[in-house]
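Novice: Quick one: the structure is below, and I'll ask about it shortly.
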Amino acid sequence: MAPKIKIPATKYPVERFTLGNGLRVVLSPDRSAPVVGVAVVYDVGIRSEPEGRTGFAHLFEHLMFQGSENLEKLAHFRHVQGAGGSFNGSTHLDYTDYFEVLPTGGLERALFLEADRMRGPRLTEENLRNQVDVVKEEIRVNVLNRPYGGFPWLKLPPVMFSTFANAHDGYGSFEDLESATVEDAQGFFDRYYACGNAVLSVAGDFDVAEATAMIERHFGDVPARPAPELPDFDEAGLSGERRESYTDRIAPLPAVAAGWRVPDPIGTFEDYLPYVVLAEVLTDGDASRLVERLIQRDRTATTMGGYIGFMGDEYLVRNPTALLLQAHMPPGGDADKVLRTIDEELDRLAADGLKPGELDRTQARMATRALHGTDDVLGRAQPMAVLELQRGRPGLLNDLPKLISEVREEQIVAAAATLRPEHRASVEVIPGASS
Amino acid sequence: MTKTLPDLVPDAALNLPPERERTLPNGLTVIAIRRSAVPLVEVRLRIPFARAELAPATLLSQALFTGTSGMNSIDIAAALQAVGGSLGAGIDPDRLLISGNALADGLDRTLELLASVLTDATYPVEEVSTERDRLGDHIQVALSQPAHLARVALLKRMYGDHPYAVQTPEPEEIRALSPEPLRELHAARVRPAGAVLVLVGDIDPDQAIDTAEKILGGWSGRAPDGGLPPIPVLETGPLLLVDRPGSVQSSLRLALPALTRTDPDYAAFNLANLVFGGYFSSRWTENIREDKGYTYGAYSSIDHYVAGSALVAAAEVATEVTGPSLLETVYELGRIASLPPGEEELEQARRYALGTLRLGMSTQAGLAGLAGMYAGFGLRLDHLREYSAALAAATREEVAAAATKYLAPSRAVTVILGDAEKIESQLSALTVVERSAA
């Protein structure tokens, strides 16, 4: 057995301040490459959508790119890319983010663009109808026209959860999307896109004093608006096993996903972190428990994945959330058998503990992935913004490799023992395509 | 209140990290680059693999790490994982590519494991049969994906009898394989001559090359086979309509001729591509997404292979607007081919092209990908300096000339996959259509 490898840490600097209008700011300078990443996150996501407006948070994300106080439609894209940069946005369960990465000289331009839409996007009927069409095509390309579309992130929550906030389709129904109005959009902006409900984060090649002055210059006059009260989305856990299945008309082979509730990722982070490591012990690579057993030994699965949070953002999600396992199966595959084997392996882990070296190597690989993610300036700006938004703790990003390496075997074992079949929700894909 | 857009601060001169390089006596070239932002190292190994028989080559790439005389697949995976490492393999029509990363302190161990697989892979019967079945299933799933099917049809149409025409084996070809052809292929083709290993990260480049020489110096084998014939000239003809009944979208694919990276006109050609469809702020996206809402995304990109390059434009569009989407696409190609781009429009594309080069170099993985890809074409990172200068210098006239020569709609090979019952009449109104099954 090789000696245990030392888990390195990062020491990205973190500067935090709050503007007079309530906008929180996180800066992480690093002059090693001539690029900057800018992220603005708003504390609103899929879970905050009103009933009858499924998909609205994501639709609104599209509208934020359709022109703003001083800018015409298309200007945002042209100005970012014309500065040599790239941009995007994404809608999650608990937040919506907007981001750019640019060569150093484009920083002030990016700040201007973000401030301009924070003051007010151009919400017009024409742009709304255009983006409803675009979002429908996005849903077609990612869900309706593709095998296993939306599996499991859109398919498992309605089995696992009972409240609208947690269970509904975050991409939205065509009916809800089509009936959205400009007034809905204005109301959503007024309520959730307040500067008191947002965090701006900048990482990369800049001088802190200069960047602070630029931020004051562009964001300082955004009218102060407080954050709305954050609802508690918690709901009771499962008291008995829940199972559903559906036919995917274009999928040629069966698949199954299972989820179990886990502790509050923010309120009880110490209890939660072992579940993050457990998911990797179970599924990371050919030497992991479930890959070895289900793929290599039993051949009852052909792919195996495990992670926390329906969108894979385990450190950027609030309670309630779940540990998910998902498998694709060979022709004629038996979902029951896969679930039974998973239960068996969880029992074995809970009863016999880990093998020598198993935890160390899993932690080493997790450290590599954490470090790999932060090598990119956006890989710092984005998570730091959300960590500030949700925890007031952007520096947690630096601490993660060390905290992961400190998770102990008995914590993994205790976590595995809670993943009982009677607390499990699962969804099975029945192949509808002739193959 | 009107606010004005801040000016851009001009970029500093392009700063390339020093590259160290050595070709070992066995023919392996090792390139090492230091970028120390995170304590990791990226590994990319490209081995010439053109003309390798497709089905065994594809399965070989999946089964390469399944066993050596001293280790089984789990031993190998666990040993890599112990140093934070992971390695995987894949093929393209030109080469076998092994890539991964590890904690920087684990570089020696990662290279040892890589060497043991390169020199001593055994392709055990059980493990190969597991990987064979998995690969067969994965290809079967790919065959239900519209993007994959459209690509299969397009490649066949573009390349005819050239080896590039078929890049994915049939599931049945995979399911019929035993380990023996993999062992033979490995013995014949997995060898150091002509291969390039790129290491990028928190390393001392000279020391990393010494380490690689010590660990991989004993890897041996014959010289590589000859290359491939140049790709054929694209033959336009009727639009190929591939039927996928029940599709709720159509997959539009247009192939056009392209220049290689080292062609003196390449920078101008790439700028023309950007203005047409090569980035989000392109005419094509602004037209069929932001103006008309026909698609979620429309992009054109240039595929570079050793035997030649091609431009592929791709969009998934709503079934009911398939014809109008093709019409707008042909209109935009016609426009870029017959009128010079606007002054500001070209500047914007130019700044984007120059900026994304800098962004691509700003991470270890980006740098490793770029250096490895360039090395696969006999280039080094300093090519970026020439290319940047060419991008900065290309004039409107040069861009227009490249567009006229290469992006004219009359030169396009067009394939559309979708529900033929619903889209054939829309397309027949615009052009001659030939129909085929998926």
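By convention in this document, the chains of the structure tokens carry letters A, B, ... by their order, each chain's residues are numbered from 1, and ligands are numbered from 1 in the order they are shown.
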Would you kindly return, as a VMD selection string, each protein, DNA or RNA residue with an atom no farther than 10 Å from any atom of Met311 of chain A, considering only C-alpha atoms and excluding same-chain residues fewer than 4 positions away?

Specialist: chain A and resid 91 to 93 152 to 154 307 316 to 317

Novice: Selected residues, N, CA and C atoms, written as a short mmCIF file (atom, residue, chain, number, x, y, z; two decimals), in the first residue's frame, please.

Specialist:
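result-v6.cif, freshly written:
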data_model
loop_
_atom_site.label_atom_id
_atom_site.label_comp_id
_atom_site.auth_asym_id
_atom_site.auth_seq_id
_atom_site.Cartn_x
_atom_site.Cartn_y
_atom_site.Cartn_z
N THR A 91 -30.02 28.36 -14.24
CA THR A 91 -31.05 28.40 -13.21
C THR A 91 -31.00 27.12 -12.41
N HIS A 92 -30.89 27.26 -11.11
CA HIS A 92 -30.78 26.11 -10.21
C HIS A 92 -31.99 26.08 -9.29
N LEU A 93 -32.03 25.09 -8.42
CA LEU A 93 -33.16 25.01 -7.50
C LEU A 93 -33.19 26.23 -6.58
N PRO A 152 -32.26 11.90 -14.28
CA PRO A 152 -33.40 11.83 -13.37
C PRO A 152 -33.84 13.18 -12.82
N TRP A 153 -33.21 14.28 -13.22
CA TRP A 153 -33.43 15.52 -12.46
C TRP A 153 -34.85 16.04 -12.55
N LEU A 154 -35.55 15.75 -13.67
CA LEU A 154 -36.96 16.17 -13.75
C LEU A 154 -37.91 15.05 -13.35
N TYR A 307 -24.31 11.20 -6.74
CA TYR A 307 -24.01 12.60 -6.42
C TYR A 307 -25.13 13.16 -5.56
N LEU A 316 -23.87 23.93 -3.23
CA LEU A 316 -24.60 25.15 -3.59
C LEU A 316 -26.10 24.90 -3.57
N VAL A 317 -26.54 24.00 -2.72
CA VAL A 317 -27.96 23.65 -2.65
C VAL A 317 -28.41 23.74 -1.20
#

Novice: Excluding Glu180 of chain B and any residue of its chain fewer than 2 positions from it, enumerate the residues within 12 Å of it, using only C-alpha atoms, and give them as a list of chain:residue names.

Specialist: B:Pro56, B:Leu59, B:Leu60, B:Thr122, B:Tyr123, B:Pro124, B:Val125, B:Val128, B:Ser129, B:Ala176, B:Leu177, B:Ser178, B:Leu182, B:Arg183, B:Glu184, B:Leu185, B:His186, B:Ala187

Novice: Those residues with C-alpha atoms, as a short mmCIF file (atom, residue, chain, number, x, y, z; two decimals), in the first residue's frame please?

Specialist:
data_model
loop_
_atom_site.label_atom_id
_atom_site.label_comp_id
_atom_site.auth_asym_id
_atom_site.auth_seq_id
_atom_site.Cartn_x
_atom_site.Cartn_y
_atom_site.Cartn_z
CA PRO B 56 -11.27 -3.40 -32.31
CA LEU B 59 -13.05 -1.51 -27.90
CA LEU B 60 -9.30 -1.31 -27.24
CA THR B 122 -3.31 -8.10 -21.14
CA TYR B 123 -6.96 -7.63 -22.16
CA PRO B 124 -8.30 -10.30 -19.79
CA VAL B 125 -11.21 -12.31 -21.20
CA VAL B 128 -12.95 -7.40 -22.09
CA SER B 129 -16.29 -9.12 -22.36
CA ALA B 176 -18.64 -10.13 -31.99
CA LEU B 177 -15.13 -9.25 -30.75
CA SER B 178 -12.82 -11.44 -28.67
CA LEU B 182 -7.26 -6.18 -29.28
CA ARG B 183 -4.00 -7.79 -28.24
CA GLU B 184 -2.85 -7.88 -31.89
CA LEU B 185 -3.84 -4.27 -32.46
CA HIS B 186 -2.11 -3.19 -29.26
CA ALA B 187 1.10 -5.02 -30.24
#

Novice: Rank B:Gly218, B:Gly360, B:Gly334, B:Gly160 by their smallest atom-to-atom distance to chain A, using only C-alpha atoms, and report the top residue only.

Specialist: B:Gly360

Novice: Identify, on the basis of only C-alpha atoms, every residue whose closest approach to Val41 of chain A does not exceed 10 Å; exclude the query and any residue fewer than 5 positions from it along the same chain; express the result as a PyMOL selection string.

Specialist: chain A and resi 89-91+95-99+193+195+197-201+382-383+385-386+388-389

Novice: Would you compute the distance between atom CA of Leu27 of chain A and atom CA of Leu359 of chain B? Give it in Å to one decimal.

Specialist: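 Atom-to-atom, atom CA of Leu27 of chain A and atom CA of Leu359 of chain B are spaced 19.4 Å apart.
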
Novice: As a CSV table (one decimal) with all heavy atoms, in the first residue's frame, please: every residue in segment 313-385 of chain A that a backbone DSSP assignment puts in helix (DSSP H, G or I).

Specialist:
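Below is the file that was written, selection16.csv:
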chain,number,residue,atom,x,y,z
A,335,ALA,N,-34.5,-3.5,-12.9
A,335,ALA,CA,-34.4,-2.4,-11.9
A,335,ALA,C,-34.4,-2.9,-10.5
A,335,ALA,O,-33.7,-2.4,-9.6
A,335,ALA,CB,-35.4,-1.3,-12.2
A,336,ASP,N,-35.3,-3.8,-10.2
A,336,ASP,CA,-35.5,-4.4,-8.9
A,336,ASP,C,-34.2,-5.0,-8.4
A,336,ASP,O,-33.7,-4.7,-7.3
A,336,ASP,CB,-36.5,-5.5,-8.9
A,336,ASP,CG,-37.9,-5.0,-8.7
A,336,ASP,OD1,-38.0,-4.0,-7.9
A,336,ASP,OD2,-38.8,-5.5,-9.3
A,337,LYS,N,-33.6,-5.7,-9.3
A,337,LYS,CA,-32.3,-6.4,-8.9
A,337,LYS,C,-31.2,-5.3,-8.6
A,337,LYS,O,-30.5,-5.4,-7.7
A,337,LYS,CB,-31.9,-7.3,-10.1
A,337,LYS,CG,-30.8,-8.3,-9.7
A,337,LYS,CD,-30.7,-9.3,-10.8
A,337,LYS,CE,-29.6,-10.3,-10.5
A,337,LYS,NZ,-29.4,-11.2,-11.7
A,338,VAL,N,-31.2,-4.3,-9.5
A,338,VAL,CA,-30.2,-3.2,-9.2
A,338,VAL,C,-30.4,-2.6,-7.9
A,338,VAL,O,-29.5,-2.4,-7.1
A,338,VAL,CB,-30.2,-2.2,-10.4
A,338,VAL,CG1,-29.4,-0.9,-10.0
A,338,VAL,CG2,-29.7,-2.8,-11.7
A,339,LEU,N,-31.6,-2.2,-7.6
A,339,LEU,CA,-31.9,-1.6,-6.3
A,339,LEU,C,-31.6,-2.5,-5.1
A,339,LEU,O,-31.1,-2.1,-4.1
A,339,LEU,CB,-33.4,-1.2,-6.3
A,339,LEU,CG,-33.8,0.0,-7.2
A,339,LEU,CD1,-35.3,0.2,-7.2
A,339,LEU,CD2,-33.1,1.2,-6.9
A,340,ARG,N,-31.9,-3.8,-5.3
A,340,ARG,CA,-31.6,-4.8,-4.2
A,340,ARG,C,-30.1,-4.8,-4.0
A,340,ARG,O,-29.7,-4.9,-2.9
A,340,ARG,CB,-32.2,-6.1,-4.6
A,340,ARG,CG,-33.6,-6.4,-4.1
A,340,ARG,CD,-33.9,-7.9,-4.0
A,340,ARG,NE,-33.5,-8.7,-5.1
A,340,ARG,CZ,-34.2,-8.8,-6.3
A,340,ARG,NH1,-35.4,-8.2,-6.4
A,340,ARG,NH2,-33.8,-9.5,-7.3
A,341,THR,N,-29.4,-4.9,-5.1
A,341,THR,CA,-27.9,-4.9,-4.9
A,341,THR,C,-27.4,-3.7,-4.3
A,341,THR,O,-26.5,-3.8,-3.4
A,341,THR,CB,-27.3,-5.1,-6.3
A,341,THR,OG1,-27.9,-6.2,-7.0
A,341,THR,CG2,-25.8,-5.5,-6.2
A,342,ILE,N,-27.9,-2.5,-4.6
A,342,ILE,CA,-27.5,-1.3,-4.0
A,342,ILE,C,-27.7,-1.4,-2.5
A,342,ILE,O,-26.9,-1.1,-1.7
A,342,ILE,CB,-28.2,-0.1,-4.6
A,342,ILE,CG1,-27.7,0.2,-6.0
A,342,ILE,CG2,-28.0,1.2,-3.7
A,342,ILE,CD1,-28.4,1.2,-6.8
A,343,ASP,N,-28.9,-1.9,-2.1
A,343,ASP,CA,-29.3,-2.0,-0.7
A,343,ASP,C,-28.3,-2.9,0.0
A,343,ASP,O,-27.8,-2.7,1.1
A,343,ASP,CB,-30.7,-2.6,-0.5
A,343,ASP,CG,-31.7,-1.6,-1.0
A,343,ASP,OD1,-31.4,-0.4,-1.0
A,343,ASP,OD2,-32.9,-2.0,-1.3
A,344,GLU,N,-27.9,-4.0,-0.7
A,344,GLU,CA,-27.0,-5.0,-0.2
A,344,GLU,C,-25.6,-4.4,0.1
A,344,GLU,O,-25.0,-4.6,1.1
A,344,GLU,CB,-26.9,-6.1,-1.2
A,344,GLU,CG,-26.6,-7.5,-0.7
A,344,GLU,CD,-26.7,-8.4,-1.9
A,344,GLU,OE1,-27.8,-8.7,-2.5
A,344,GLU,OE2,-25.6,-8.9,-2.3
A,345,GLU,N,-25.2,-3.6,-0.9
A,345,GLU,CA,-23.9,-3.0,-0.8
A,345,GLU,C,-23.9,-1.9,0.3
A,345,GLU,O,-22.9,-1.8,1.0
A,345,GLU,CB,-23.4,-2.4,-2.1
A,345,GLU,CG,-23.0,-3.5,-3.1
A,345,GLU,CD,-21.8,-4.4,-2.7
A,345,GLU,OE1,-20.9,-3.8,-2.0
A,345,GLU,OE2,-21.9,-5.6,-2.9
A,346,LEU,N,-24.9,-1.2,0.5
A,346,LEU,CA,-25.0,-0.2,1.5
A,346,LEU,C,-25.0,-0.9,2.9
A,346,LEU,O,-24.4,-0.5,3.8
A,346,LEU,CB,-26.3,0.6,1.4
A,346,LEU,CG,-26.2,1.6,0.2
A,346,LEU,CD1,-27.6,2.2,-0.1
A,346,LEU,CD2,-25.3,2.8,0.6
A,347,ASP,N,-25.7,-2.1,3.0
A,347,ASP,CA,-25.7,-2.8,4.2
A,347,ASP,C,-24.3,-3.3,4.5
A,347,ASP,O,-23.9,-3.3,5.7
A,347,ASP,CB,-26.7,-4.1,4.1
A,347,ASP,CG,-28.1,-3.7,4.2
A,347,ASP,OD1,-28.4,-2.5,4.6
A,347,ASP,OD2,-29.0,-4.5,3.8
A,348,ARG,N,-23.7,-3.8,3.5
A,348,ARG,CA,-22.3,-4.3,3.7
A,348,ARG,C,-21.4,-3.2,4.2
A,348,ARG,O,-20.6,-3.5,5.1
A,348,ARG,CB,-21.8,-4.9,2.4
A,348,ARG,CG,-20.6,-5.8,2.5
A,348,ARG,CD,-20.0,-6.2,1.2
A,348,ARG,NE,-20.9,-6.6,0.2
A,348,ARG,CZ,-21.3,-7.9,0.1
A,348,ARG,NH1,-20.8,-8.8,0.9
A,348,ARG,NH2,-22.1,-8.3,-0.9
A,349,LEU,N,-21.5,-2.1,3.6
A,349,LEU,CA,-20.7,-0.9,4.0
A,349,LEU,C,-21.0,-0.6,5.5
A,349,LEU,O,-20.1,-0.3,6.3
A,349,LEU,CB,-20.9,0.2,3.1
A,349,LEU,CG,-20.1,1.5,3.2
A,349,LEU,CD1,-18.7,1.2,3.2
A,349,LEU,CD2,-20.5,2.5,2.1
A,350,ALA,N,-22.3,-0.6,5.8
A,350,ALA,CA,-22.7,-0.2,7.2
A,350,ALA,C,-22.2,-1.2,8.2
A,350,ALA,O,-21.9,-0.9,9.3
A,350,ALA,CB,-24.2,0.0,7.2
A,351,ALA,N,-22.2,-2.5,7.8
A,351,ALA,CA,-21.8,-3.6,8.7
A,351,ALA,C,-20.3,-3.8,8.8
A,351,ALA,O,-19.8,-3.9,9.9
A,351,ALA,CB,-22.5,-4.9,8.3
A,352,ASP,N,-19.6,-3.7,7.6
A,352,ASP,CA,-18.2,-4.1,7.6
A,352,ASP,C,-17.3,-3.0,7.5
A,352,ASP,O,-16.0,-3.1,7.6
A,352,ASP,CB,-17.9,-5.1,6.4
A,352,ASP,CG,-18.8,-6.3,6.4
A,352,ASP,OD1,-19.4,-6.6,7.5
A,352,ASP,OD2,-18.9,-7.0,5.4
A,358,GLU,N,-9.5,2.6,1.1
A,358,GLU,CA,-10.6,3.0,0.2
A,358,GLU,C,-11.0,4.5,0.4
A,358,GLU,O,-11.3,5.2,-0.5
A,358,GLU,CB,-11.8,2.1,0.6
A,358,GLU,CG,-13.0,2.2,-0.3
A,358,GLU,CD,-14.1,1.3,0.0
A,358,GLU,OE1,-14.0,0.5,1.0
A,358,GLU,OE2,-15.1,1.3,-0.7
A,359,LEU,N,-11.0,4.9,1.7
A,359,LEU,CA,-11.4,6.3,2.0
A,359,LEU,C,-10.3,7.3,1.5
A,359,LEU,O,-10.6,8.3,0.9
A,359,LEU,CB,-11.7,6.5,3.5
A,359,LEU,CG,-12.2,7.9,3.9
A,359,LEU,CD1,-13.4,8.3,3.1
A,359,LEU,CD2,-12.5,7.9,5.4
A,360,ASP,N,-9.1,6.9,1.8
A,360,ASP,CA,-8.0,7.8,1.4
A,360,ASP,C,-8.0,8.1,-0.1
A,360,ASP,O,-7.8,9.2,-0.6
A,360,ASP,CB,-6.6,7.2,1.8
A,360,ASP,CG,-6.4,7.2,3.3
A,360,ASP,OD1,-7.1,7.8,4.0
A,360,ASP,OD2,-5.5,6.4,3.7
A,361,ARG,N,-8.1,7.0,-0.9
A,361,ARG,CA,-8.0,7.2,-2.3
A,361,ARG,C,-9.2,8.0,-2.8
A,361,ARG,O,-9.1,8.8,-3.8
A,361,ARG,CB,-7.8,5.9,-3.0
A,361,ARG,CG,-8.8,4.8,-2.9
A,361,ARG,CD,-8.4,3.6,-3.7
A,361,ARG,NE,-9.1,2.4,-3.3
A,361,ARG,CZ,-10.3,2.1,-3.8
A,361,ARG,NH1,-11.0,2.9,-4.6
A,361,ARG,NH2,-10.9,1.0,-3.4
A,362,THR,N,-10.4,7.8,-2.2
A,362,THR,CA,-11.6,8.5,-2.7
A,362,THR,C,-11.4,10.0,-2.4
A,362,THR,O,-11.7,10.9,-3.2
A,362,THR,CB,-12.8,8.0,-1.9
A,362,THR,OG1,-13.0,6.6,-2.2
A,362,THR,CG2,-14.1,8.7,-2.4
A,363,GLN,N,-10.8,10.3,-1.2
A,363,GLN,CA,-10.6,11.7,-0.8
A,363,GLN,C,-9.6,12.3,-1.7
A,363,GLN,O,-9.7,13.5,-2.1
A,363,GLN,CB,-10.2,11.8,0.7
A,363,GLN,CG,-11.3,11.5,1.6
A,363,GLN,CD,-10.9,11.1,3.0
A,363,GLN,OE1,-9.8,10.5,3.2
A,363,GLN,NE2,-11.7,11.5,4.0
A,364,ALA,N,-8.5,11.6,-2.1
A,364,ALA,CA,-7.5,12.1,-3.0
A,364,ALA,C,-8.1,12.5,-4.3
A,364,ALA,O,-7.8,13.6,-4.9
A,364,ALA,CB,-6.4,11.1,-3.2
A,365,ARG,N,-9.0,11.7,-4.8
A,365,ARG,CA,-9.6,12.0,-6.1
A,365,ARG,C,-10.6,13.2,-6.0
A,365,ARG,O,-10.6,14.0,-6.9
A,365,ARG,CB,-10.3,10.7,-6.7
A,365,ARG,CG,-10.9,10.9,-8.0
A,365,ARG,CD,-9.8,11.1,-9.1
A,365,ARG,NE,-10.4,11.7,-10.3
A,365,ARG,CZ,-9.7,12.4,-11.2
A,365,ARG,NH1,-8.5,12.6,-11.1
A,365,ARG,NH2,-10.3,12.9,-12.3
A,366,MET,N,-11.3,13.2,-4.9
A,366,MET,CA,-12.2,14.4,-4.7
A,366,MET,C,-11.4,15.7,-4.6
A,366,MET,O,-11.8,16.7,-5.1
A,366,MET,CB,-13.0,14.2,-3.4
A,366,MET,CG,-14.1,13.1,-3.6
A,366,MET,SD,-15.0,12.8,-2.0
A,366,MET,CE,-16.1,14.2,-2.1
A,367,ALA,N,-10.2,15.6,-4.0
A,367,ALA,CA,-9.4,16.8,-3.9
A,367,ALA,C,-8.9,17.2,-5.3
A,367,ALA,O,-9.0,18.4,-5.6
A,367,ALA,CB,-8.2,16.5,-3.0
A,368,THR,N,-8.5,16.3,-6.1
A,368,THR,CA,-8.2,16.6,-7.5
A,368,THR,C,-9.3,17.3,-8.2
A,368,THR,O,-9.1,18.4,-8.9
A,368,THR,CB,-7.7,15.4,-8.3
A,368,THR,OG1,-6.6,14.8,-7.7
A,368,THR,CG2,-7.4,15.7,-9.7
A,369,ARG,N,-10.5,16.8,-8.0
A,369,ARG,CA,-11.6,17.4,-8.8
A,369,ARG,C,-11.9,18.8,-8.2
A,369,ARG,O,-12.2,19.7,-9.0
A,369,ARG,CB,-12.8,16.5,-8.7
A,369,ARG,CG,-12.8,15.4,-9.8
A,369,ARG,CD,-14.2,15.0,-10.1
A,369,ARG,NE,-14.9,14.5,-9.0
A,369,ARG,CZ,-14.8,13.3,-8.6
A,369,ARG,NH1,-14.2,12.4,-9.3
A,369,ARG,NH2,-15.4,12.8,-7.5
A,370,ALA,N,-11.8,19.0,-6.9
A,370,ALA,CA,-12.1,20.3,-6.3
A,370,ALA,C,-11.1,21.3,-6.8
A,370,ALA,O,-11.4,22.4,-7.2
A,370,ALA,CB,-12.0,20.2,-4.8
A,371,LEU,N,-9.8,20.9,-6.8
A,371,LEU,CA,-8.7,21.8,-7.3
A,371,LEU,C,-8.9,22.1,-8.8
A,371,LEU,O,-8.7,23.2,-9.2
A,371,LEU,CB,-7.4,21.2,-7.0
A,371,LEU,CG,-7.0,21.0,-5.5
A,371,LEU,CD1,-5.8,20.0,-5.4
A,371,LEU,CD2,-6.7,22.3,-4.9
A,372,HIS,N,-9.2,21.1,-9.6
A,372,HIS,CA,-9.4,21.2,-11.0
A,372,HIS,C,-10.5,22.3,-11.3
A,372,HIS,O,-10.3,23.2,-12.1
A,372,HIS,CB,-9.8,19.9,-11.6
A,372,HIS,CG,-9.8,19.9,-13.1
A,372,HIS,ND1,-11.0,20.0,-13.8
A,372,HIS,CD2,-8.9,19.7,-14.0
A,372,HIS,CE1,-10.7,20.0,-15.1
A,372,HIS,NE2,-9.5,19.8,-15.2
A,373,GLY,N,-11.5,22.2,-10.5
A,373,GLY,CA,-12.6,23.2,-10.7
A,373,GLY,C,-12.2,24.6,-10.4
A,373,GLY,O,-12.7,25.5,-11.1
A,374,THR,N,-11.3,24.8,-9.4
A,374,THR,CA,-11.0,26.2,-9.1
A,374,THR,C,-9.8,26.7,-9.9
A,374,THR,O,-9.4,27.9,-9.7
A,374,THR,CB,-10.6,26.3,-7.6
A,374,THR,OG1,-9.5,25.5,-7.3
A,374,THR,CG2,-11.8,25.9,-6.7
A,377,VAL,N,-11.0,30.7,-13.5
A,377,VAL,CA,-11.5,31.8,-12.7
A,377,VAL,C,-13.0,31.8,-12.4
A,377,VAL,O,-13.5,32.2,-11.3
A,377,VAL,CB,-11.1,33.2,-13.3
A,377,VAL,CG1,-9.7,33.5,-13.2
A,377,VAL,CG2,-11.6,33.3,-14.8
A,378,LEU,N,-13.8,31.2,-13.4
A,378,LEU,CA,-15.2,31.1,-13.1
A,378,LEU,C,-15.5,30.0,-12.1
A,378,LEU,O,-16.5,30.1,-11.4
A,378,LEU,CB,-16.0,30.8,-14.4
A,378,LEU,CG,-16.4,32.0,-15.2
A,378,LEU,CD1,-17.1,31.5,-16.4
A,378,LEU,CD2,-17.2,33.0,-14.5
A,379,GLY,N,-14.6,29.0,-12.0
A,379,GLY,CA,-14.7,28.0,-11.0
A,379,GLY,C,-14.5,28.5,-9.6
A,379,GLY,O,-14.7,27.8,-8.6
A,380,ARG,N,-14.0,29.8,-9.5
A,380,ARG,CA,-13.9,30.4,-8.2
A,380,ARG,C,-15.0,31.4,-8.0
A,380,ARG,O,-15.7,31.5,-7.0
A,380,ARG,CB,-12.6,31.1,-8.1
A,380,ARG,CG,-11.4,30.2,-7.7
A,380,ARG,CD,-10.1,30.9,-7.9
A,380,ARG,NE,-9.5,30.4,-9.1
A,380,ARG,CZ,-8.6,31.1,-9.8
A,380,ARG,NH1,-8.2,32.3,-9.4
A,380,ARG,NH2,-8.0,30.6,-10.9
A,381,ALA,N,-15.2,32.3,-9.1
A,381,ALA,CA,-16.2,33.4,-9.0
A,381,ALA,C,-17.6,32.8,-8.7
A,381,ALA,O,-18.3,33.3,-7.8
A,381,ALA,CB,-16.2,34.2,-10.2
A,382,GLN,N,-18.0,31.8,-9.4
A,382,GLN,CA,-19.4,31.3,-9.3
A,382,GLN,C,-19.6,30.7,-7.9
A,382,GLN,O,-20.6,31.1,-7.2
A,382,GLN,CB,-19.7,30.3,-10.4
A,382,GLN,CG,-20.0,30.8,-11.7
A,382,GLN,CD,-20.2,29.7,-12.7
A,382,GLN,OE1,-19.2,29.0,-13.0
A,382,GLN,NE2,-21.4,29.5,-13.2
A,383,PRO,N,-18.9,29.6,-7.5
A,383,PRO,CA,-19.2,29.1,-6.2
A,383,PRO,C,-19.0,30.0,-5.1
A,383,PRO,O,-19.7,30.0,-4.1
A,383,PRO,CB,-18.2,27.8,-6.1
A,383,PRO,CG,-17.2,28.0,-7.2
A,383,PRO,CD,-17.8,28.9,-8.2
A,384,MET,N,-18.0,30.9,-5.2
A,384,MET,CA,-17.8,31.9,-4.1
A,384,MET,C,-19.0,32.8,-3.9
A,384,MET,O,-19.5,33.1,-2.8
A,384,MET,CB,-16.6,32.7,-4.3
A,384,MET,CG,-15.3,32.1,-3.9
A,384,MET,SD,-13.9,33.2,-4.0
A,384,MET,CE,-12.5,32.2,-3.6
A,385,ALA,N,-19.6,33.2,-5.1
A,385,ALA,CA,-20.8,34.0,-5.0
A,385,ALA,C,-21.9,33.3,-4.3
A,385,ALA,O,-22.6,33.8,-3.5
A,385,ALA,CB,-21.2,34.4,-6.4

Novice: For Thr356 of chain B, work out the shell of residues within 8 Å, counting only C-alpha atoms and skipping chain neighbours fewer than 3 positions away, then give it as a list in words.

Specialist: Gly84, Gly85 and Ser86 of chain A; Tyr352, Ala353, Leu359 and Gly360 of chain B

Novice: I need the residues in segment 291-362 of chain A that are strand (DSSP E or B) according to DSSP; give them as a count of residues only.

Specialist: 13
